[in-house]
file query.txt (compact mmCIF, N, CA and C atoms)
# COMPACT_ATOMS: atom_id res chain seq x y z
N MET B 28 138.56 122.13 73.65
CA MET B 28 139.81 121.66 74.17
C MET B 28 139.99 120.21 73.70
N PRO B 29 141.14 119.87 73.20
CA PRO B 29 141.38 118.49 72.77
C PRO B 29 141.48 117.54 73.97
N TYR B 30 141.49 116.26 73.69
CA TYR B 30 141.63 115.25 74.73
C TYR B 30 142.85 115.55 75.59
N GLN B 31 142.68 115.40 76.89
CA GLN B 31 143.77 115.65 77.83
C GLN B 31 144.14 114.35 78.53
N PRO B 32 145.42 114.14 78.82
CA PRO B 32 145.82 112.94 79.55
C PRO B 32 145.17 112.88 80.93
N ARG B 33 144.97 111.68 81.41
CA ARG B 33 144.31 111.46 82.71
C ARG B 33 144.99 112.23 83.84
N GLU B 34 146.31 112.30 83.81
CA GLU B 34 147.01 112.98 84.91
C GLU B 34 146.72 114.49 84.95
N LEU B 35 146.19 115.04 83.87
CA LEU B 35 145.83 116.46 83.86
C LEU B 35 144.37 116.70 84.24
N LEU B 36 143.61 115.63 84.47
CA LEU B 36 142.19 115.78 84.80
C LEU B 36 141.95 116.69 86.01
N PRO B 37 142.69 116.56 87.10
CA PRO B 37 142.45 117.48 88.22
C PRO B 37 142.61 118.95 87.83
N LEU B 38 143.56 119.24 86.96
CA LEU B 38 143.74 120.62 86.51
C LEU B 38 142.56 121.08 85.67
N SER B 39 142.06 120.20 84.83
CA SER B 39 140.90 120.54 83.99
C SER B 39 139.66 120.78 84.85
N LEU B 40 139.44 119.93 85.84
CA LEU B 40 138.25 120.04 86.67
C LEU B 40 138.28 121.25 87.60
N THR B 41 139.46 121.73 87.92
CA THR B 41 139.56 122.88 88.82
C THR B 41 139.84 124.19 88.09
N ALA B 42 139.84 124.18 86.78
CA ALA B 42 140.12 125.39 86.00
C ALA B 42 138.90 126.30 85.90
N CYS B 43 137.77 125.88 86.43
CA CYS B 43 136.53 126.65 86.31
C CYS B 43 136.02 127.04 87.70
N ASP B 44 135.05 127.93 87.71
CA ASP B 44 134.36 128.26 88.95
C ASP B 44 133.10 127.42 89.11
N ILE B 45 132.49 127.07 87.97
CA ILE B 45 131.25 126.30 87.95
C ILE B 45 131.41 125.16 86.96
N SER B 46 131.01 123.96 87.37
CA SER B 46 131.00 122.81 86.46
C SER B 46 129.59 122.62 85.92
N LEU B 47 129.50 122.12 84.71
CA LEU B 47 128.20 121.90 84.06
C LEU B 47 128.07 120.43 83.70
N VAL B 48 126.96 119.85 84.08
CA VAL B 48 126.67 118.46 83.73
C VAL B 48 125.26 118.40 83.16
N SER B 49 125.11 117.70 82.05
CA SER B 49 123.78 117.58 81.44
C SER B 49 123.41 116.11 81.28
N LEU B 50 122.13 115.87 81.36
CA LEU B 50 121.61 114.51 81.26
C LEU B 50 120.47 114.46 80.25
N ILE B 51 120.36 113.35 79.57
CA ILE B 51 119.27 113.15 78.62
C ILE B 51 117.96 113.06 79.42
N PRO B 52 116.94 113.80 78.99
CA PRO B 52 115.66 113.71 79.69
C PRO B 52 115.18 112.26 79.79
N ASP B 53 114.59 111.94 80.91
CA ASP B 53 114.03 110.63 81.24
C ASP B 53 115.09 109.60 81.64
N ALA B 54 116.32 109.75 81.22
CA ALA B 54 117.38 108.85 81.69
C ALA B 54 117.91 109.34 83.03
N ASP B 55 117.65 110.60 83.33
CA ASP B 55 118.23 111.21 84.53
C ASP B 55 117.60 110.74 85.84
N TYR B 56 116.56 109.94 85.76
CA TYR B 56 115.98 109.40 86.99
C TYR B 56 116.68 108.11 87.43
N ILE B 57 117.48 107.53 86.54
CA ILE B 57 118.09 106.24 86.87
C ILE B 57 119.61 106.25 86.84
N VAL B 58 120.22 107.31 86.32
CA VAL B 58 121.68 107.34 86.22
C VAL B 58 122.23 108.69 86.66
N ALA B 59 123.50 108.68 86.97
CA ALA B 59 124.25 109.91 87.20
C ALA B 59 125.56 109.73 86.46
N PRO B 60 125.96 110.71 85.66
CA PRO B 60 127.21 110.55 84.92
C PRO B 60 128.41 110.48 85.86
N SER B 61 129.37 109.66 85.50
CA SER B 61 130.54 109.49 86.37
C SER B 61 131.31 110.78 86.56
N LYS B 62 131.23 111.69 85.59
CA LYS B 62 131.96 112.95 85.75
C LYS B 62 131.43 113.77 86.92
N LEU B 63 130.21 113.51 87.35
CA LEU B 63 129.66 114.23 88.50
C LEU B 63 130.55 114.07 89.73
N TYR B 64 131.07 112.88 89.94
CA TYR B 64 131.87 112.62 91.14
C TYR B 64 133.23 113.30 91.06
N GLY B 65 133.78 113.43 89.87
CA GLY B 65 135.01 114.21 89.70
C GLY B 65 134.77 115.68 89.97
N MET B 66 133.59 116.17 89.57
CA MET B 66 133.24 117.56 89.83
C MET B 66 133.09 117.81 91.32
N LEU B 67 132.45 116.88 92.01
CA LEU B 67 132.33 117.01 93.47
C LEU B 67 133.71 117.02 94.12
N ALA B 68 134.57 116.11 93.68
CA ALA B 68 135.93 116.03 94.24
C ALA B 68 136.72 117.31 93.99
N ALA B 69 136.46 117.95 92.85
CA ALA B 69 137.17 119.18 92.51
C ALA B 69 136.74 120.35 93.37
N GLY B 70 135.61 120.21 94.04
CA GLY B 70 135.14 121.28 94.91
C GLY B 70 134.65 122.50 94.16
N ARG B 71 133.91 122.25 93.10
CA ARG B 71 133.34 123.34 92.31
C ARG B 71 131.82 123.26 92.36
N ALA B 72 131.18 124.43 92.33
CA ALA B 72 129.72 124.47 92.24
C ALA B 72 129.31 123.76 90.95
N ILE B 73 128.16 123.12 90.98
CA ILE B 73 127.70 122.35 89.83
C ILE B 73 126.36 122.88 89.37
N VAL B 74 126.26 123.11 88.07
CA VAL B 74 124.99 123.42 87.44
C VAL B 74 124.63 122.20 86.61
N ALA B 75 123.46 121.65 86.88
CA ALA B 75 123.00 120.46 86.16
C ALA B 75 121.85 120.84 85.24
N ILE B 76 121.80 120.16 84.12
CA ILE B 76 120.65 120.26 83.22
C ILE B 76 119.99 118.89 83.27
N SER B 77 118.89 118.82 84.00
CA SER B 77 118.19 117.54 84.15
C SER B 77 116.74 117.81 84.54
N SER B 78 115.96 116.76 84.55
CA SER B 78 114.55 116.88 84.92
C SER B 78 114.41 117.30 86.38
N PRO B 79 113.37 118.07 86.68
CA PRO B 79 113.12 118.41 88.08
C PRO B 79 112.90 117.13 88.90
N ASN B 80 113.44 117.12 90.09
CA ASN B 80 113.33 116.00 91.03
C ASN B 80 114.09 114.75 90.60
N SER B 81 114.95 114.86 89.61
CA SER B 81 115.79 113.73 89.22
C SER B 81 116.81 113.48 90.34
N TYR B 82 117.51 112.37 90.23
CA TYR B 82 118.53 112.03 91.23
C TYR B 82 119.54 113.17 91.39
N ILE B 83 120.04 113.68 90.28
CA ILE B 83 121.08 114.71 90.36
C ILE B 83 120.51 116.02 90.90
N ASP B 84 119.28 116.37 90.54
CA ASP B 84 118.64 117.57 91.07
C ASP B 84 118.52 117.45 92.58
N GLN B 85 118.03 116.33 93.06
CA GLN B 85 117.87 116.13 94.50
C GLN B 85 119.21 116.14 95.22
N LEU B 86 120.21 115.51 94.63
CA LEU B 86 121.54 115.47 95.25
C LEU B 86 122.10 116.88 95.42
N LEU B 87 122.06 117.67 94.35
CA LEU B 87 122.64 119.02 94.39
C LEU B 87 121.88 119.93 95.33
N THR B 88 120.55 119.89 95.27
CA THR B 88 119.78 120.81 96.10
C THR B 88 119.78 120.39 97.57
N THR B 89 119.72 119.09 97.83
CA THR B 89 119.74 118.61 99.21
C THR B 89 121.03 118.99 99.91
N HIS B 90 122.14 118.88 99.20
CA HIS B 90 123.44 119.15 99.81
C HIS B 90 123.94 120.57 99.56
N GLY B 91 123.20 121.36 98.81
CA GLY B 91 123.57 122.75 98.59
C GLY B 91 124.82 122.96 97.78
N CYS B 92 125.17 121.98 96.94
CA CYS B 92 126.42 122.09 96.18
C CYS B 92 126.20 122.44 94.72
N GLY B 93 124.96 122.71 94.35
CA GLY B 93 124.70 123.09 92.97
C GLY B 93 123.23 123.39 92.76
N ILE B 94 122.91 123.69 91.51
CA ILE B 94 121.54 123.99 91.13
C ILE B 94 121.20 123.24 89.85
N ASN B 95 119.92 123.10 89.62
CA ASN B 95 119.44 122.37 88.46
C ASN B 95 118.61 123.28 87.56
N SER B 96 118.77 123.09 86.28
CA SER B 96 117.94 123.76 85.29
C SER B 96 117.23 122.69 84.48
N PRO B 97 115.93 122.80 84.32
CA PRO B 97 115.21 121.78 83.56
C PRO B 97 115.72 121.67 82.13
N SER B 98 115.69 120.47 81.61
CA SER B 98 116.09 120.23 80.22
C SER B 98 115.21 121.06 79.29
N LYS B 99 115.76 121.42 78.16
CA LYS B 99 115.06 122.15 77.10
C LYS B 99 114.56 123.52 77.56
N ASN B 100 115.31 124.16 78.46
CA ASN B 100 114.95 125.49 78.91
C ASN B 100 116.21 126.35 78.97
N PRO B 101 116.74 126.73 77.80
CA PRO B 101 118.01 127.46 77.77
C PRO B 101 117.95 128.82 78.45
N GLN B 102 116.80 129.48 78.42
CA GLN B 102 116.69 130.78 79.06
C GLN B 102 116.85 130.66 80.58
N ASN B 103 116.25 129.64 81.15
CA ASN B 103 116.41 129.40 82.59
C ASN B 103 117.87 129.13 82.93
N LEU B 104 118.52 128.31 82.12
CA LEU B 104 119.94 128.00 82.34
C LEU B 104 120.77 129.28 82.30
N ALA B 105 120.53 130.11 81.30
CA ALA B 105 121.27 131.37 81.18
C ALA B 105 121.03 132.27 82.40
N ASN B 106 119.79 132.32 82.85
CA ASN B 106 119.46 133.14 84.03
C ASN B 106 120.18 132.62 85.28
N LEU B 107 120.18 131.31 85.47
CA LEU B 107 120.85 130.73 86.64
C LEU B 107 122.34 131.02 86.63
N ILE B 108 122.97 130.83 85.48
CA ILE B 108 124.41 131.10 85.38
C ILE B 108 124.69 132.58 85.59
N GLY B 109 123.83 133.43 85.05
CA GLY B 109 123.98 134.87 85.26
C GLY B 109 123.89 135.26 86.72
N GLU B 110 122.95 134.65 87.44
CA GLU B 110 122.81 134.92 88.87
C GLU B 110 124.03 134.44 89.65
N LEU B 111 124.54 133.28 89.28
CA LEU B 111 125.74 132.78 89.96
C LEU B 111 126.95 133.67 89.68
N ALA B 112 127.03 134.20 88.48
CA ALA B 112 128.15 135.09 88.13
C ALA B 112 128.14 136.35 88.99
N LYS B 113 126.96 136.76 89.44
CA LYS B 113 126.83 137.94 90.29
C LYS B 113 127.06 137.63 91.77
N ASN B 114 127.19 136.36 92.10
CA ASN B 114 127.29 135.98 93.50
C ASN B 114 128.44 134.99 93.73
N PRO B 115 129.68 135.47 93.65
CA PRO B 115 130.83 134.57 93.81
C PRO B 115 130.89 133.89 95.18
N LEU B 116 130.38 134.52 96.21
CA LEU B 116 130.38 133.89 97.53
C LEU B 116 129.49 132.64 97.54
N LYS B 117 128.34 132.74 96.90
CA LYS B 117 127.44 131.58 96.80
C LYS B 117 128.12 130.45 96.02
N VAL B 118 128.80 130.81 94.94
CA VAL B 118 129.51 129.81 94.12
C VAL B 118 130.60 129.14 94.96
N LYS B 119 131.33 129.93 95.73
CA LYS B 119 132.39 129.38 96.58
C LYS B 119 131.81 128.44 97.63
N THR B 120 130.72 128.85 98.25
CA THR B 120 130.07 128.02 99.27
C THR B 120 129.58 126.70 98.67
N MET B 121 128.97 126.78 97.49
CA MET B 121 128.52 125.55 96.82
C MET B 121 129.70 124.62 96.54
N GLY B 122 130.80 125.19 96.10
CA GLY B 122 131.99 124.39 95.84
C GLY B 122 132.53 123.71 97.09
N GLU B 123 132.52 124.43 98.20
CA GLU B 123 132.96 123.85 99.47
C GLU B 123 132.05 122.70 99.89
N LYS B 124 130.76 122.89 99.68
CA LYS B 124 129.80 121.83 100.02
C LYS B 124 129.96 120.63 99.09
N ALA B 125 130.30 120.89 97.84
CA ALA B 125 130.54 119.79 96.89
C ALA B 125 131.71 118.95 97.36
N ARG B 126 132.77 119.59 97.74
CA ARG B 126 133.96 118.87 98.21
C ARG B 126 133.65 118.10 99.50
N GLN B 127 132.92 118.73 100.38
CA GLN B 127 132.54 118.06 101.63
C GLN B 127 131.69 116.82 101.35
N LEU B 128 130.75 116.93 100.43
CA LEU B 128 129.92 115.78 100.05
C LEU B 128 130.78 114.66 99.49
N TYR B 129 131.72 115.01 98.63
CA TYR B 129 132.62 113.99 98.08
C TYR B 129 133.39 113.29 99.19
N GLN B 130 133.94 114.07 100.09
CA GLN B 130 134.76 113.51 101.18
C GLN B 130 133.95 112.57 102.08
N THR B 131 132.71 112.94 102.35
CA THR B 131 131.92 112.16 103.30
C THR B 131 131.15 111.01 102.67
N LYS B 132 130.86 111.09 101.37
CA LYS B 132 130.01 110.06 100.78
C LYS B 132 130.61 109.32 99.59
N TYR B 133 131.44 109.97 98.81
CA TYR B 133 131.87 109.37 97.54
C TYR B 133 133.37 109.12 97.41
N LYS B 134 134.14 109.44 98.39
CA LYS B 134 135.58 109.20 98.32
C LYS B 134 135.84 107.71 98.09
N PHE B 135 136.86 107.40 97.33
CA PHE B 135 137.14 106.02 96.92
C PHE B 135 137.21 105.06 98.10
N LYS B 136 137.90 105.44 99.14
CA LYS B 136 138.03 104.59 100.33
C LYS B 136 136.67 104.32 100.94
N ARG B 137 135.84 105.33 100.98
CA ARG B 137 134.49 105.15 101.53
C ARG B 137 133.70 104.17 100.68
N ALA B 138 133.81 104.29 99.37
CA ALA B 138 133.10 103.37 98.47
C ALA B 138 133.57 101.94 98.68
N LEU B 139 134.87 101.75 98.83
CA LEU B 139 135.40 100.41 99.09
C LEU B 139 134.87 99.85 100.40
N ASP B 140 134.81 100.68 101.41
CA ASP B 140 134.27 100.24 102.69
C ASP B 140 132.81 99.81 102.55
N GLU B 141 132.05 100.54 101.76
CA GLU B 141 130.64 100.20 101.52
C GLU B 141 130.52 98.85 100.83
N TYR B 142 131.33 98.65 99.78
CA TYR B 142 131.31 97.36 99.07
C TYR B 142 131.69 96.22 100.01
N GLU B 143 132.71 96.43 100.80
CA GLU B 143 133.14 95.40 101.74
C GLU B 143 132.03 95.07 102.73
N ASN B 144 131.38 96.09 103.20
CA ASN B 144 130.28 95.90 104.14
C ASN B 144 129.16 95.07 103.50
N ILE B 145 128.83 95.36 102.26
CA ILE B 145 127.78 94.62 101.56
C ILE B 145 128.20 93.18 101.30
N LEU B 146 129.41 93.00 100.81
CA LEU B 146 129.88 91.66 100.44
C LEU B 146 130.06 90.73 101.64
N PHE B 147 130.47 91.28 102.75
CA PHE B 147 130.79 90.43 103.89
C PHE B 147 129.77 90.51 105.02
N SER B 148 128.64 91.12 104.77
CA SER B 148 127.61 91.17 105.81
C SER B 148 126.91 89.81 105.90
N ASP B 149 126.32 89.53 107.02
CA ASP B 149 125.65 88.25 107.24
C ASP B 149 124.25 88.20 106.65
N ASN B 150 123.77 89.28 106.15
CA ASN B 150 122.39 89.32 105.62
C ASN B 150 122.30 88.69 104.29

call {"tool": "encode", "arguments": {"input": "query.txt", "output": "structure tokens"}}
result
Amino acid sequence: MPYQPRELLPLSLTACDISLVSLIPDADYIVAPSKLYGMLAAGRAIVAISSPNSYIDQLLTTHGCGINSPSKNPQNLANLIGELAKNPLKVKTMGEKARQLYQTKYKFKRALDEYENILFSDN
């Protein structure tokens, strides 16, 4: 798909049942791609390709909004996606949990409140 204007991003993010995010091995312990938060906001189940116990793996599994496949293991990734394809209710539930996580932790207003709290605290 060619580049899409920013105003069409919500349509792009919600055009799927499952979102896919991949991370470079060893970098995934210190970063999370910004597109992850758009995926959470879109309310779609997320499949991540990252190291076991990385930040994104822990985030998805702790909140039940996605699953992780270890890097450099395409067969495992294919198996996970195949299992999700057979279980649309699980995919729907993961998507609902993704949206809930976004609303409670990552929504823009919440982030601003966090920054304000840090900047203006007495500590």

call {"tool": "residues_around", "arguments": {"input": "query.txt", "residues": "Ile108 (chain B)", "least_positions_apart": "6", "cutoff": "8 Å", "atoms": "all atoms listed in the file", "output": "list in words"}}
result
Val74, Gln102 and Asn114 of chain B

call {"tool": "closest_residue", "arguments": {"input": "query.txt", "among": "B:Leu38, B:Ala75, B:Ala105, B:Leu111", "to": "Asp55 (chain B)", "atoms": "only C-alpha atoms"}}
result
B:Ala75

call {"tool": "residues_around", "arguments": {"input": "query.txt", "residues": "Glu123 (chain B)", "least_positions_apart": "5", "cutoff": "8 Å", "atoms": "all atoms listed in the file", "output": "PDB file with N, CA and C atoms, keeping the file's coordinate frame"}}
result
ATOM      1  N   ALA B  69     136.460 117.950  92.850  1.00  0.00           N
ATOM      2  CA  ALA B  69     137.170 119.180  92.510  1.00  0.00           C
ATOM      3  C   ALA B  69     136.740 120.350  93.370  1.00  0.00           C
ATOM      4  N   GLY B  70     135.610 120.210  94.040  1.00  0.00           N
ATOM      5  CA  GLY B  70     135.140 121.280  94.910  1.00  0.00           C
ATOM      6  C   GLY B  70     134.650 122.500  94.160  1.00  0.00           C
ATOM      7  N   ARG B  71     133.910 122.250  93.100  1.00  0.00           N
ATOM      8  CA  ARG B  71     133.340 123.340  92.310  1.00  0.00           C
ATOM      9  C   ARG B  71     131.820 123.260  92.360  1.00  0.00           C
ATOM     10  N   ALA B  72     131.180 124.430  92.330  1.00  0.00           N
ATOM     11  CA  ALA B  72     129.720 124.470  92.240  1.00  0.00           C
ATOM     12  C   ALA B  72     129.310 123.760  90.950  1.00  0.00           C
ATOM     13  N   GLY B  91     123.200 121.360  98.810  1.00  0.00           N
ATOM     14  CA  GLY B  91     123.570 122.750  98.590  1.00  0.00           C
ATOM     15  C   GLY B  91     124.820 122.960  97.780  1.00  0.00           C
ATOM     16  N   CYS B  92     125.170 121.980  96.940  1.00  0.00           N
ATOM     17  CA  CYS B  92     126.420 122.090  96.180  1.00  0.00           C
ATOM     18  C   CYS B  92     126.200 122.440  94.720  1.00  0.00           C
ATOM     19  N   LYS B 117     128.340 132.740  96.900  1.00  0.00           N
ATOM     20  CA  LYS B 117     127.440 131.580  96.800  1.00  0.00           C
ATOM     21  C   LYS B 117     128.120 130.450  96.020  1.00  0.00           C
ATOM     22  N   VAL B 118     128.800 130.810  94.940  1.00  0.00           N
ATOM     23  CA  VAL B 118     129.510 129.810  94.120  1.00  0.00           C
ATOM     24  C   VAL B 118     130.600 129.140  94.960  1.00  0.00           C
ATOM     25  N   LEU B 128     130.750 116.930 100.430  1.00  0.00           N
ATOM     26  CA  LEU B 128     129.920 115.780 100.050  1.00  0.00           C
ATOM     27  C   LEU B 128     130.780 114.660  99.490  1.00  0.00           C
ATOM     28  N   TYR B 129     131.720 115.010  98.630  1.00  0.00           N
ATOM     29  CA  TYR B 129     132.620 113.990  98.080  1.00  0.00           C
ATOM     30  C   TYR B 129     133.390 113.290  99.190  1.00  0.00           C
TER      31      TYR B 129
END

call {"tool": "atom_distance", "arguments": {"input": "query.txt", "atom1": "atom N of Pro115 (chain B)", "atom2": "atom N of Ile45 (chain B)"}}
result
10.5 Å

call {"tool": "select_by_dssp", "arguments": {"input": "query.txt", "residues": "chain B", "states": "strand (DSSP E or B)", "output": "VMD selection string"}}
result
chain B and resid 45 to 49 72 to 76 93 to 96

call {"tool": "write_last_selection", "arguments": {"input": "query.txt", "atoms": "N, CA and C atoms", "output": "short mmCIF file (atom, residue, chain, number, x, y, z; two decimals), keeping the file's coordinate frame"}}
result
data_model
loop_
_atom_site.label_atom_id
_atom_site.label_comp_id
_atom_site.auth_asym_id
_atom_site.auth_seq_id
_atom_site.Cartn_x
_atom_site.Cartn_y
_atom_site.Cartn_z
N ILE B 45 132.49 127.07 87.97
CA ILE B 45 131.25 126.30 87.95
C ILE B 45 131.41 125.16 86.96
N SER B 46 131.01 123.96 87.37
CA SER B 46 131.00 122.81 86.46
C SER B 46 129.59 122.62 85.92
N LEU B 47 129.50 122.12 84.71
CA LEU B 47 128.20 121.90 84.06
C LEU B 47 128.07 120.43 83.70
N VAL B 48 126.96 119.85 84.08
CA VAL B 48 126.67 118.46 83.73
C VAL B 48 125.26 118.40 83.16
N SER B 49 125.11 117.70 82.05
CA SER B 49 123.78 117.58 81.44
C SER B 49 123.41 116.11 81.28
N ALA B 72 131.18 124.43 92.33
CA ALA B 72 129.72 124.47 92.24
C ALA B 72 129.31 123.76 90.95
N ILE B 73 128.16 123.12 90.98
CA ILE B 73 127.70 122.35 89.83
C ILE B 73 126.36 122.88 89.37
N VAL B 74 126.26 123.11 88.07
CA VAL B 74 124.99 123.42 87.44
C VAL B 74 124.63 122.20 86.61
N ALA B 75 123.46 121.65 86.88
CA ALA B 75 123.00 120.46 86.16
C ALA B 75 121.85 120.84 85.24
N ILE B 76 121.80 120.16 84.12
CA ILE B 76 120.65 120.26 83.22
C ILE B 76 119.99 118.89 83.27
N GLY B 93 124.96 122.71 94.35
CA GLY B 93 124.70 123.09 92.97
C GLY B 93 123.23 123.39 92.76
N ILE B 94 122.91 123.69 91.51
CA ILE B 94 121.54 123.99 91.13
C ILE B 94 121.20 123.24 89.85
N ASN B 95 119.92 123.10 89.62
CA ASN B 95 119.44 122.37 88.46
C ASN B 95 118.61 123.28 87.56
N SER B 96 118.77 123.09 86.28
CA SER B 96 117.94 123.76 85.29
C SER B 96 117.23 122.69 84.48
#

call {"tool": "select_by_dssp", "arguments": {"input": "query.txt", "residues": "chain B", "states": "alpha helix (DSSP H)", "output": "VMD selection string"}}
result
chain B and resid 36 to 40 62 to 69 82 to 90 101 to 112 115 to 128 135 to 147

call {"tool": "residues_near_point", "arguments": {"input": "query.txt", "point": "(127.3, 116.2, 100.2)", "cutoff": "8 Å", "atoms": "only N, CA and C atoms", "output": "list of chain:residue names"}}
result
B:Leu86, B:Leu87, B:Thr89, B:His90, B:Gly91, B:Cys92, B:Lys124, B:Ala125, B:Arg126, B:Gln127, B:Leu128, B:Tyr129, B:Gln130, B:Thr131, B:Lys132, B:Tyr133

call {"tool": "closest_residue", "arguments": {"input": "query.txt", "among": "B:Ser78, B:Asn100, B:Gln85, B:Asn106", "to": "Pro52 (chain B)", "atoms": "all atoms listed in the file"}}
result
B:Ser78

call {"tool": "residues_around", "arguments": {"input": "query.txt", "residues": "Ser98 (chain B)", "least_positions_apart": "6", "cutoff": "10 Å", "atoms": "only C-alpha atoms", "output": "list in words"}}
result
Ser49, Leu50, Ile51, Pro52, Asp53, Ala75, Ile76, Ser77, Ser78, Pro79 and Leu104 of chain B

call {"tool": "axis_aligned_box", "arguments": {"input": "query.txt", "around": "region 33-41 of chain B", "padding_each_side": "4 Å", "output": "AutoDock Vina command-line options"}}
result
--center_x 142.6 --center_y 117.8 --center_z 85.1 --size_x 16.8 --size_y 20.7 --size_z 15.4

call {"tool": "atom_distance", "arguments": {"input": "query.txt", "atom1": "atom C of Pro37 (chain B)", "atom2": "atom N of Ile83 (chain B)"}}
result
23.3 Å

call {"tool": "closest_residue", "arguments": {"input": "query.txt", "among": "B:Phe135, B:Glu34, B:Gly109, B:Ile94", "to": "Val48 (chain B)", "atoms": "only C-alpha atoms"}}
result
B:Ile94

call {"tool": "atom_distance", "arguments": {"input": "query.txt", "atom1": "CA of Leu107 (chain B)", "atom2": "CA of Leu35 (chain B)"}}
result
28.9 Å

call {"tool": "closest_residue", "arguments": {"input": "query.txt", "among": "B:Pro29, B:Lys136, B:Tyr82, B:Asp44", "to": "Ala59 (chain B)", "atoms": "all atoms listed in the file"}}
result
B:Tyr82

call {"tool": "closest_residue", "arguments": {"input": "query.txt", "among": "B:Tyr56, B:Phe147, B:Leu116, B:Ser46", "to": "Asn80 (chain B)", "atoms": "all atoms listed in the file"}}
result
B:Tyr56

call {"tool": "closest_residue", "arguments": {"input": "query.txt", "among": "B:Ile145, B:Gly93, B:Lys134, B:Asn103", "to": "Gly122 (chain B)", "atoms": "all atoms listed in the file"}}
result
B:Gly93

call {"tool": "decode", "arguments": {"input": "query.txt", "residues": "region 62-79 of chain B", "atoms": "C-alpha atoms", "output": "mmCIF file, in the first residue's frame"}}
result
data_model
loop_
_atom_site.group_PDB
_atom_site.id
_atom_site.type_symbol
_atom_site.label_atom_id
_atom_site.label_comp_id
_atom_site.auth_asym_id
_atom_site.auth_seq_id
_atom_site.Cartn_x
_atom_site.Cartn_y
_atom_site.Cartn_z
ATOM 1 C CA LYS B 62 2.990 2.482 16.015
ATOM 2 C CA LEU B 63 2.236 0.161 18.935
ATOM 3 C CA TYR B 64 0.165 2.876 20.600
ATOM 4 C CA GLY B 65 -1.852 3.489 17.434
ATOM 5 C CA MET B 66 -2.539 -0.237 17.281
ATOM 6 C CA LEU B 67 -3.734 -0.231 20.878
ATOM 7 C CA ALA B 68 -5.959 2.776 20.155
ATOM 8 C CA ALA B 69 -7.414 0.986 17.125
ATOM 9 C CA GLY B 70 -8.575 -1.834 19.371
ATOM 10 C CA ARG B 71 -7.012 -4.652 17.403
ATOM 11 C CA ALA B 72 -5.250 -7.764 18.664
ATOM 12 C CA ILE B 73 -1.495 -7.409 18.307
ATOM 13 C CA VAL B 74 1.041 -9.998 17.255
ATOM 14 C CA ALA B 75 4.575 -8.926 18.094
ATOM 15 C CA ILE B 76 7.845 -10.298 16.829
ATOM 16 C CA SER B 77 10.308 -9.629 19.626
ATOM 17 C CA SER B 78 12.540 -11.306 22.165
ATOM 18 C CA PRO B 79 10.870 -13.279 24.942
#
